[in-house]
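One structure is given below, encoded as structure tokens.
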Amino acid sequence: MKRSLTLTLLAIALLFSFSTSAQKYRVGSKSYKTELKIADRFYAEGYFYTAVEYYKDVVRQDSTNRYGAFWLAMALLKSRDYENAEVFFRKFYSIKPGPKDKTSKWALEDERLFNKGNYYFGEVLHRNGKYDEAIEQLTKFKSRYKPKDETDNMLKLAALEIAGCEYAKTAPKAKVKVKSLGRGVNRAYTESSPSGIADSIIYYSSLRTDGKYSADSLNFLNSPKAKLTYAIYRSIYAGGEWMKGRMVENKDINTDGYTVGNGSFNKDLSRFYFTKCLNMDDDRPLCNLFVADYKNGQFSNVQRIPEPINEKEKYTSTQPSVRTSEDGMDIVYFTSDRPGGAGGMDIWYFLRSSNGDFKGPKVLKGAINTPGDEETPFFDDSTKTLYFSSNGHPGFGGYDVFKSTEQADLGWGEVLNVGQPVNTGADDRYYSRSSDQTFGFLVSNREGSVPLNGIKTASDDIFGWSNFNYAVQGMVFKEGVDGGGAMPDATYRLYKLLPDGTKVLASVDSVTPAGVRVKADGTPTGRKNDGFYFFKLQPESDYVIEVVRDGFSPKFESITTKGLPGEDTIQNNISVRKAQYVVKGRVTEEGKPDGLKGASVTLIEVFPNGMEKTAYYMNSDPYYYFEVEMNKKYKLVTRKEGYFAKTIDLSTSGLGIIDTIRKDIEIAKLEIGKDYTLQNVLYEFGKATLTENSKQVLDNLYNILIENPTFVIELSAHTDNIGSDANNMKLSQARAESCVKYLGEKGIAKDRMVPKGYGESRPKVPNTTEDGKDDPAGRATNRRTEFKILKS
């Protein structure tokens, strides 16, 4: 399987011819046998465009020359002219033996020269979307082909092509639009590796012309040693289009004689990883990874990444993509053909610490890498998903874009094809996504790219993709008031509903105290506080819209874009009902000013007979709110893992003419194993009998255990140093058991409490003063009852 490097370096070789050879061997000037030799020479040297012209002239002169027809089809395939490759494969297989043809010679040619024909014909049909015909040709190939040895993997490749055809026949089509970035960026030669800054600037790789070569037509080179090279360009988006790209004027980036590209920024745009490549004497491209500092649009401090991440002479390291961790470490995915992978080009990674140290490389584990080629990785931080291109997984033909999501155990999930229209029968690579998942870039030689030498699929161009435009809009009005119009001063929240039922906040449309409508980040929307809302939506997604307004019940409406045939704006007006009261507040950690998100707040109605019923439940963000009725009693129970639960009593009687009840809630952080002292738990002198006041203190512990039903505690008693050690140990154990007995009689399960007497063995303070005299105050402190949480 021929490898395809990041900048399509092989394609660079395909896109030019020797001017001297073209002048010496003018088409039609020799017999077609001579022309066949010339064509074969150019094919062998990788100059497929020139080979095509000579093979064409052979076929023009002898339409039954199946050698010429076959290798013309192969040269067209190598030139990425899939449409005409199919034409001449059909012609090749339509040629039948004539009266003068020897059957034995014909069979020998089939075995030695054309034995892979059904495979390549099947590959072309696969790329052209003719899946059933492709399967037919590939099946014939599998039945006839005889592998040369155990290293011959052609039968595996045929099976992969068949699997790709079967997948493509039923693959769903994603609701995205793909469009070329236009002639400001794309030219007839290859453009690749777009790296975007927001949605208005991209850095990318394109042919380095320097006034010497043209990016818009086929270039003829005057020497076999002459090479086309690529450089990094910059383009900005203005006036609804991408402006003409300009080469980055930095010799440390765009170094003479090198092909440069594959730029990738870290998260804070302070570092820029990229690739420099050289064509070696054996025409093998060798790429190394570099990193530069980036600030205010300028590059500096360019450094080659050290070995063993880069290899000096043997193996290519290319196509970096940066994932930045919270501690400032860069995890850089890249591709390489070095040993240790699955075969071909594989995805590897290395680490760069915040202080600039490098570690690695290591090959990516799991099912991502195959014996084929995996290239152009891109990691999406927001979804923890790695996107990459591969010709080793089933797809639509050539390179397709795939994805795999990082799992909780840091392994990689199932490899999935992202589907059409991102993927086609052409080579689709360099896929990227914006942080909000709505747009990105893609490199492809699909139809719609700029033709080269008349071939629609010859050159790689940069495309942009975007989701179908879906939105929801509407107004909020008061329930039961016909013709009342929209109600201002509401807050609207859009939640995305995940498959497991989890709601994730996607957007907020709110109002400031000054009456200015703002987005979730606090920036004005430019719209008046008029009672109308508008949200953008993603395709094939479920949402919940929440409307909140003081004095009205919160309202939730479900919206979906699933099954919508085309772009659409959903009209959805929402009615809200006047509430008797709205109780709301803010949840904080005790002693801290910041709001506490994720606490569950439950509203419980308390009936006159003492019965209780849960009315509402929600998670703080850090605010909560509920509708409550007049002249009733409620409880607000707040819980969060790692905190003590808290219960607040609420009465709505006698509140007068108000809309809102404010109840801010503080909850205390708990610590497993920490001793909490129960103040004023007292016993009769020398005994374990609880006093009535002590029982009231234990009632507070009872409430804690009721509010936190998963707690398992140790309840301990301690004495001072009066009396013997043995007697004090016995007395403290009896007192701890007395407390546990009391709580058990009130309904707390015994297996939730462990009584423990420590006697005088754990004083909190000395029982004596510094001069050795008895200290009554110290002994009083040491006579105590405590509890600690063993399990929350």
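Naming works like this for the structure tokens: A, B, ... for the chains as they're shown, residue 1 at the start of each chain, ligands 1 onward in shown order.
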
Would you mind listing what lies within 8 Å of Ser449 (chain A) as a PyMOL selection string, with only C-alpha atoms counted and same-chain residues fewer than 5 positions away left out? chain A and resi 180+186+444+456-457+459-461

Those residues with N, CA and C atoms, as a PDB file, in the first residue's frame please?
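Dumped to out18.pdb:
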```pdb
ATOM      1  N   SER A 180     -15.961  24.758  -0.649  1.00  0.00           N
ATOM      2  CA  SER A 180     -14.574  25.176  -0.859  1.00  0.00           C
ATOM      3  C   SER A 180     -14.349  26.556  -0.264  1.00  0.00           C
ATOM      4  N   ASN A 186      -7.454  28.417  -2.324  1.00  0.00           N
ATOM      5  CA  ASN A 186      -7.222  27.219  -3.132  1.00  0.00           C
ATOM      6  C   ASN A 186      -6.736  27.566  -4.532  1.00  0.00           C
ATOM      7  N   SER A 444      -9.539  17.938   0.794  1.00  0.00           N
ATOM      8  CA  SER A 444     -10.044  16.854  -0.053  1.00  0.00           C
ATOM      9  C   SER A 444      -9.741  17.152  -1.511  1.00  0.00           C
ATOM     10  N   LYS A 456     -10.641  16.846 -12.501  1.00  0.00           N
ATOM     11  CA  LYS A 456     -11.466  17.455 -11.443  1.00  0.00           C
ATOM     12  C   LYS A 456     -11.042  17.044 -10.043  1.00  0.00           C
ATOM     13  N   THR A 457     -10.363  15.895  -9.946  1.00  0.00           N
ATOM     14  CA  THR A 457     -10.028  15.364  -8.618  1.00  0.00           C
ATOM     15  C   THR A 457      -8.519  15.239  -8.429  1.00  0.00           C
ATOM     16  N   SER A 459      -6.150  17.708  -7.408  1.00  0.00           N
ATOM     17  CA  SER A 459      -5.441  18.430  -6.354  1.00  0.00           C
ATOM     18  C   SER A 459      -6.271  18.500  -5.084  1.00  0.00           C
ATOM     19  N   ASP A 460      -5.552  18.542  -3.962  1.00  0.00           N
ATOM     20  CA  ASP A 460      -6.201  18.693  -2.666  1.00  0.00           C
ATOM     21  C   ASP A 460      -6.468  20.166  -2.405  1.00  0.00           C
ATOM     22  N   ASP A 461      -7.695  20.485  -2.005  1.00  0.00           N
ATOM     23  CA  ASP A 461      -8.069  21.848  -1.647  1.00  0.00           C
ATOM     24  C   ASP A 461      -8.632  21.873  -0.234  1.00  0.00           C
TER      25      ASP A 461
END
```

May I have all residues of region 182-408 of chain A that DSSP, computed from the backbone, assigns to strand (DSSP E), given as a PyMOL selection string? chain A and resi 192-197+201-207+219-221+230-238+241-242+246-247+259-265+271-279+285-295+298-304+317-324+330-336+346-352+358-363+374-380+385-390+400-405

So that I can check the surroundings of Asn84 (chain A), please list as a PDB file with N, CA and C atoms, in the first residue's frame every protein, DNA and RNA residue that reaches within 10 Å of it, counting only C-alpha atoms and ignoring chain neighbours fewer than 4 positions away.
```
ATOM      1  N   LEU A  72      -2.802   2.704 -18.983  1.00  0.00           N
ATOM      2  CA  LEU A  72      -3.426   4.026 -19.031  1.00  0.00           C
ATOM      3  C   LEU A  72      -4.412   4.164 -17.869  1.00  0.00           C
ATOM      4  N   ALA A  73      -5.209   3.126 -17.646  1.00  0.00           N
ATOM      5  CA  ALA A  73      -6.144   3.153 -16.510  1.00  0.00           C
ATOM      6  C   ALA A  73      -5.394   3.304 -15.191  1.00  0.00           C
ATOM      7  N   LEU A  76      -4.004   6.835 -14.852  1.00  0.00           N
ATOM      8  CA  LEU A  76      -5.102   7.757 -14.510  1.00  0.00           C
ATOM      9  C   LEU A  76      -5.488   7.616 -13.041  1.00  0.00           C
ATOM     10  N   LEU A  77      -5.510   6.379 -12.531  1.00  0.00           N
ATOM     11  CA  LEU A  77      -5.797   6.178 -11.111  1.00  0.00           C
ATOM     12  C   LEU A  77      -4.728   6.853 -10.254  1.00  0.00           C
ATOM     13  N   ARG A  80      -5.122  10.371  -9.932  1.00  0.00           N
ATOM     14  CA  ARG A  80      -6.360  10.670  -9.197  1.00  0.00           C
ATOM     15  C   ARG A  80      -7.487  11.128 -10.119  1.00  0.00           C
ATOM     16  N   PHE A  88     -11.220   3.532 -18.787  1.00  0.00           N
ATOM     17  CA  PHE A  88     -10.218   2.693 -19.449  1.00  0.00           C
ATOM     18  C   PHE A  88     -10.063   1.325 -18.789  1.00  0.00           C
ATOM     19  N   PHE A  89     -10.457   1.179 -17.522  1.00  0.00           N
ATOM     20  CA  PHE A  89     -10.557  -0.177 -16.990  1.00  0.00           C
ATOM     21  C   PHE A  89     -11.673  -0.941 -17.711  1.00  0.00           C
ATOM     22  N   ARG A  90     -12.776  -0.261 -17.959  1.00  0.00           N
ATOM     23  CA  ARG A  90     -13.865  -0.915 -18.721  1.00  0.00           C
ATOM     24  C   ARG A  90     -13.394  -1.278 -20.126  1.00  0.00           C
ATOM     25  N   VAL A 124     -11.393   1.754  -8.030  1.00  0.00           N
ATOM     26  CA  VAL A 124     -11.923   2.907  -8.764  1.00  0.00           C
ATOM     27  C   VAL A 124     -13.442   2.954  -8.674  1.00  0.00           C
ATOM     28  N   ILE A 455      -8.164  17.693 -14.749  1.00  0.00           N
ATOM     29  CA  ILE A 455      -8.669  16.612 -13.891  1.00  0.00           C
ATOM     30  C   ILE A 455      -9.382  17.220 -12.679  1.00  0.00           C
TER      31      ILE A 455
END
```

Give me, please, the distance in Å between CA of Ser104 (chain A) and CA of Pro147 (chain A), quoted to one decimal. 21.2 Å

How close does each residue of region 89-203 of chain A get to region 562-582 of chain A, giving the shortest atom pair and distance in Å to one decimal for every residue with an atom at most 12 Å away, counting only C-alpha atoms, sorted by chain and residue number, as a tab-separated table?
```
residue	atom	partner	partner_atom	distance
A:Lys173	CA	A:Pro565	CA	11.4
A:Ala174	CA	A:Pro565	CA	11.2
A:Lys175	CA	A:Gly566	CA	8.1
A:Val176	CA	A:Glu567	CA	9.9
A:Lys177	CA	A:Glu567	CA	10.5
```
